[in-house]
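Raw contents of start_7.csv, CSV, N, CA and C atoms:
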chain,number,residue,atom,x,y,z
X,219,MET,N,-48.3,-23.1,-13.2
X,219,MET,CA,-47.5,-23.8,-12.3
X,219,MET,C,-47.8,-23.4,-10.9
X,220,THR,N,-47.9,-24.4,-10.0
X,220,THR,CA,-48.2,-24.1,-8.6
X,220,THR,C,-46.9,-24.2,-7.8
X,221,ARG,N,-46.9,-23.4,-6.7
X,221,ARG,CA,-45.7,-23.4,-5.9
X,221,ARG,C,-46.1,-24.1,-4.6
X,222,LYS,N,-45.1,-24.9,-4.1
X,222,LYS,CA,-45.3,-25.6,-2.9
X,222,LYS,C,-44.8,-24.8,-1.7
X,223,MET,N,-45.6,-24.7,-0.7
X,223,MET,CA,-45.2,-23.9,0.5
X,223,MET,C,-44.1,-24.7,1.3
X,224,VAL,N,-43.1,-24.1,1.7
X,224,VAL,CA,-42.1,-24.7,2.5
X,224,VAL,C,-42.1,-24.3,3.9
X,225,ASN,N,-42.1,-25.2,4.8
X,225,ASN,CA,-42.1,-24.9,6.2
X,225,ASN,C,-40.7,-24.9,6.7
X,226,TYR,N,-40.1,-23.7,6.8
X,226,TYR,CA,-38.6,-23.6,7.2
X,226,TYR,C,-38.3,-24.2,8.6
X,227,SER,N,-39.3,-24.2,9.4
X,227,SER,CA,-39.0,-24.7,10.8
X,227,SER,C,-39.3,-26.1,10.9
X,228,SER,N,-39.7,-26.8,9.9
X,228,SER,CA,-40.0,-28.2,9.9
X,228,SER,C,-38.8,-29.0,10.2
X,229,HIS,N,-39.0,-30.1,10.9
X,229,HIS,CA,-37.9,-31.0,11.3
X,229,HIS,C,-37.2,-31.5,10.0
X,230,ASP,N,-37.9,-31.8,8.9
X,230,ASP,CA,-37.4,-32.3,7.7
X,230,ASP,C,-36.9,-31.2,6.7
X,231,SER,N,-37.0,-30.0,7.1
X,231,SER,CA,-36.7,-28.9,6.1
X,231,SER,C,-35.2,-28.9,5.8
X,232,PRO,N,-34.8,-28.8,4.5
X,232,PRO,CA,-33.4,-28.7,4.2
X,232,PRO,C,-32.8,-27.3,4.5
X,233,TYR,N,-33.7,-26.4,4.9
X,233,TYR,CA,-33.3,-25.0,5.2
X,233,TYR,C,-33.1,-24.8,6.7
X,234,LYS,N,-33.3,-25.8,7.5
X,234,LYS,CA,-33.1,-25.7,8.9
X,234,LYS,C,-31.7,-25.4,9.3
X,235,LEU,N,-31.5,-24.5,10.2
X,235,LEU,CA,-30.2,-24.1,10.7
X,235,LEU,C,-29.6,-25.3,11.5
X,236,VAL,N,-28.4,-25.7,11.2
X,236,VAL,CA,-27.7,-26.8,11.9
X,236,VAL,C,-27.3,-26.2,13.3
X,237,GLY,N,-27.6,-26.9,14.3
X,237,GLY,CA,-27.2,-26.5,15.6
X,237,GLY,C,-28.1,-25.5,16.3
X,238,LYS,N,-29.2,-25.2,15.7
X,238,LYS,CA,-30.1,-24.2,16.3
X,238,LYS,C,-31.0,-24.9,17.3
X,239,GLN,N,-31.0,-24.4,18.5
X,239,GLN,CA,-31.8,-25.0,19.5
X,239,GLN,C,-32.8,-23.9,20.1
X,240,GLY,N,-34.1,-24.2,19.9
X,240,GLY,CA,-35.0,-23.2,20.5
X,240,GLY,C,-35.0,-21.9,19.7
X,241,ASP,N,-35.3,-20.8,20.4
X,241,ASP,CA,-35.4,-19.5,19.8
X,241,ASP,C,-34.0,-18.8,19.9
X,242,GLY,N,-33.1,-19.3,20.6
X,242,GLY,CA,-31.8,-18.6,20.8
X,242,GLY,C,-30.8,-18.9,19.7
X,243,TYR,N,-29.7,-18.2,19.8
X,243,TYR,CA,-28.7,-18.4,18.8
X,243,TYR,C,-27.8,-19.6,19.2
X,244,SER,N,-27.2,-20.2,18.2
X,244,SER,CA,-26.2,-21.2,18.6
X,244,SER,C,-25.0,-20.6,19.1
X,245,PRO,N,-24.2,-21.3,19.8
X,245,PRO,CA,-22.9,-20.7,20.3
X,245,PRO,C,-22.0,-20.3,19.2
X,246,ASP,N,-22.0,-21.0,18.0
X,246,ASP,CA,-21.2,-20.6,16.9
X,246,ASP,C,-21.6,-19.3,16.3
X,247,ILE,N,-22.9,-19.0,16.2
X,247,ILE,CA,-23.4,-17.8,15.7
X,247,ILE,C,-23.1,-16.6,16.7
X,248,THR,N,-23.2,-16.9,17.9
X,248,THR,CA,-22.9,-15.9,19.0
X,248,THR,C,-21.5,-15.5,18.9
X,249,ASP,N,-20.6,-16.5,18.8
X,249,ASP,CA,-19.2,-16.2,18.8
X,249,ASP,C,-18.8,-15.4,17.5
X,250,THR,N,-19.4,-15.8,16.4
X,250,THR,CA,-19.2,-15.1,15.1
X,250,THR,C,-19.6,-13.7,15.2
X,251,LEU,N,-20.8,-13.4,15.7
X,251,LEU,CA,-21.3,-12.0,15.9
X,251,LEU,C,-20.4,-11.2,16.8
X,252,ARG,N,-20.0,-11.8,17.9
X,252,ARG,CA,-19.1,-11.1,18.8
X,252,ARG,C,-17.7,-10.8,18.1
X,253,SER,N,-17.2,-11.7,17.4
X,253,SER,CA,-16.0,-11.5,16.6
X,253,SER,C,-16.1,-10.4,15.6
X,254,LEU,N,-17.2,-10.4,14.9
X,254,LEU,CA,-17.5,-9.4,13.9
X,254,LEU,C,-17.6,-8.0,14.5
X,255,ARG,N,-18.3,-7.9,15.6
X,255,ARG,CA,-18.4,-6.6,16.3
X,255,ARG,C,-17.1,-6.1,16.8
X,256,GLU,N,-16.2,-7.0,17.3
X,256,GLU,CA,-14.9,-6.6,17.7
X,256,GLU,C,-14.1,-6.1,16.5
X,257,LYS,N,-14.2,-6.8,15.3
X,257,LYS,CA,-13.5,-6.4,14.1
X,257,LYS,C,-14.0,-5.1,13.6
X,258,ILE,N,-15.3,-4.8,13.7
X,258,ILE,CA,-15.8,-3.5,13.2
X,258,ILE,C,-15.3,-2.4,14.1
X,259,ARG,N,-15.3,-2.6,15.4
X,259,ARG,CA,-14.8,-1.6,16.4
X,259,ARG,C,-13.3,-1.3,16.1
X,260,SER,N,-12.5,-2.4,15.9
X,260,SER,CA,-11.1,-2.2,15.6
X,260,SER,C,-10.9,-1.4,14.3
X,261,CYS,N,-11.7,-1.7,13.3
X,261,CYS,CA,-11.6,-1.0,12.0
X,261,CYS,C,-12.0,0.5,12.2
X,262,LYS,N,-13.0,0.8,13.0
X,262,LYS,CA,-13.4,2.2,13.2
X,262,LYS,C,-12.3,2.9,13.9
X,263,GLU,N,-11.6,2.3,14.9
X,263,GLU,CA,-10.5,2.9,15.6
X,263,GLU,C,-9.3,3.2,14.7
X,264,ASN,N,-9.0,2.2,13.8
X,264,ASN,CA,-8.0,2.4,12.9
X,264,ASN,C,-8.3,3.5,11.9
X,265,ASN,N,-9.6,3.6,11.5
X,265,ASN,CA,-10.0,4.6,10.6
X,265,ASN,C,-9.8,6.0,11.2
X,266,ASP,N,-10.2,6.1,12.5
X,266,ASP,CA,-10.0,7.4,13.2
X,266,ASP,C,-8.6,7.8,13.3
X,267,ARG,N,-7.7,6.8,13.5
X,267,ARG,CA,-6.3,7.1,13.6
X,267,ARG,C,-5.7,7.6,12.2
X,268,LEU,N,-6.3,7.1,11.2
X,268,LEU,CA,-5.8,7.5,9.8
X,268,LEU,C,-6.4,8.8,9.4
X,269,ILE,N,-7.6,9.1,9.8
X,269,ILE,CA,-8.3,10.3,9.4
X,269,ILE,C,-7.6,11.5,10.1
X,270,GLU,N,-7.3,11.4,11.3
X,270,GLU,CA,-6.7,12.6,12.1
X,270,GLU,C,-5.5,13.1,11.4
X,271,PRO,N,-4.4,12.3,11.1
X,271,PRO,CA,-3.3,12.9,10.4
X,271,PRO,C,-3.6,13.5,9.0
X,272,HIS,N,-4.5,12.8,8.3
X,272,HIS,CA,-4.9,13.3,7.0
X,272,HIS,C,-5.6,14.7,7.1
X,273,GLU,N,-6.4,14.9,8.1
X,273,GLU,CA,-7.0,16.2,8.3
X,273,GLU,C,-6.0,17.3,8.7
X,274,ARG,N,-5.0,16.9,9.5
X,274,ARG,CA,-3.9,17.9,9.9
X,274,ARG,C,-3.1,18.2,8.6
X,275,LEU,N,-2.9,17.3,7.8
X,275,LEU,CA,-2.1,17.5,6.5
X,275,LEU,C,-3.0,18.5,5.6
X,276,ALA,N,-4.3,18.2,5.5
X,276,ALA,CA,-5.1,19.1,4.7
X,276,ALA,C,-5.1,20.5,5.2
X,277,ARG,N,-5.2,20.7,6.5
X,277,ARG,CA,-5.2,22.0,7.1
X,277,ARG,C,-3.8,22.7,6.8
X,278,ALA,N,-2.7,22.0,6.9
X,278,ALA,CA,-1.4,22.5,6.6
X,278,ALA,C,-1.3,23.0,5.2
X,279,HIS,N,-1.9,22.2,4.2
X,279,HIS,CA,-1.9,22.6,2.8
X,279,HIS,C,-2.7,23.8,2.6
X,280,GLU,N,-3.9,24.0,3.3
X,280,GLU,CA,-4.7,25.2,3.2
X,280,GLU,C,-3.9,26.4,3.7
X,281,LYS,N,-3.2,26.3,4.8
X,281,LYS,CA,-2.4,27.4,5.3
X,281,LYS,C,-1.3,27.8,4.4
X,282,LYS,N,-0.7,26.8,3.8
X,282,LYS,CA,0.4,27.0,2.9
X,282,LYS,C,-0.1,27.7,1.6
X,283,ALA,N,-1.3,27.3,1.1
X,283,ALA,CA,-1.9,28.0,0.0
X,283,ALA,C,-2.2,29.4,0.3
X,284,LYS,N,-2.7,29.7,1.5
X,284,LYS,CA,-3.0,31.1,1.9
X,284,LYS,C,-1.8,31.9,1.9
X,285,VAL,N,-0.7,31.4,2.5
X,285,VAL,CA,0.6,32.1,2.6
X,285,VAL,C,1.1,32.4,1.2
X,286,ASN,N,1.1,31.4,0.3
X,286,ASN,CA,1.5,31.6,-1.0
X,286,ASN,C,0.7,32.6,-1.8
X,287,ALA,N,-0.6,32.7,-1.5
X,287,ALA,CA,-1.5,33.7,-2.1
X,287,ALA,C,-1.1,35.1,-1.7
X,288,VAL,N,-0.8,35.2,-0.4
X,288,VAL,CA,-0.3,36.5,0.2
X,288,VAL,C,1.0,36.9,-0.4
X,289,ILE,N,1.9,36.0,-0.5
X,289,ILE,CA,3.2,36.3,-1.1
X,289,ILE,C,3.1,36.7,-2.6
X,290,LEU,N,2.3,36.0,-3.3
X,290,LEU,CA,2.1,36.3,-4.7
X,290,LEU,C,1.4,37.7,-4.9
X,291,GLN,N,0.5,38.0,-4.0
X,291,GLN,CA,-0.2,39.3,-4.1
X,291,GLN,C,0.8,40.4,-3.8
X,292,SER,N,1.7,40.2,-2.8
X,292,SER,CA,2.7,41.2,-2.5
X,292,SER,C,3.6,41.4,-3.6
X,293,PHE,N,4.0,40.4,-4.4
X,293,PHE,CA,4.8,40.6,-5.6
X,293,PHE,C,4.1,41.3,-6.7
X,294,LEU,N,2.8,41.1,-6.8
X,294,LEU,CA,2.0,41.7,-7.9
X,294,LEU,C,1.8,43.2,-7.6
X,295,ASP,N,1.8,43.5,-6.3
X,295,ASP,CA,1.6,44.9,-5.9
X,295,ASP,C,2.8,45.8,-6.1
X,296,LEU,N,4.0,45.1,-6.3
X,296,LEU,CA,5.2,45.9,-6.5
X,296,LEU,C,5.2,46.6,-7.7
Would you give me this structure, written as structure tokens?
Amino acid sequence: MTRKMVNYSSHDSPYKLVGKQGDGYSPDITDTLRSLREKIRSCKENNDRLIEPHERLARAHEKKAKVNAVILQSFLDL
């Protein structure tokens, strides 16, 4: 079986991007990319806000575990 070569940039190509003009992006693609970048930035900021309290809570649990270990050891030494 032979394969037919497809010219994607051809005027008649079914794979041609609608609205593409020249080598630049269409306004729709540019707006979509800008929107996605803003959404990613927002998600990163939200993630940072969530991680900080989680890290503080983890440090508090570690301190509590150390204190409990010291208390337990003092009872065992009696």
Which value, in Å to one decimal, gives the distance between atom C of Ala283 of chain X and atom C of Asp266 of chain X?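 For atom C of Ala283 of chain X relative to atom C of Asp266 of chain X, the distance reads 26.0 Å.
You will find atom N of Leu268 of chain X at 19.0 Å from atom CA of Arg255 of chain X.
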Do you have the atom CA of Arg259 of chain X-atom CA of Arg274 of chain X distance handy?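 Answer for the atom CA of Arg259 of chain X to atom CA of Arg274 of chain X separation: 23.3 Å.
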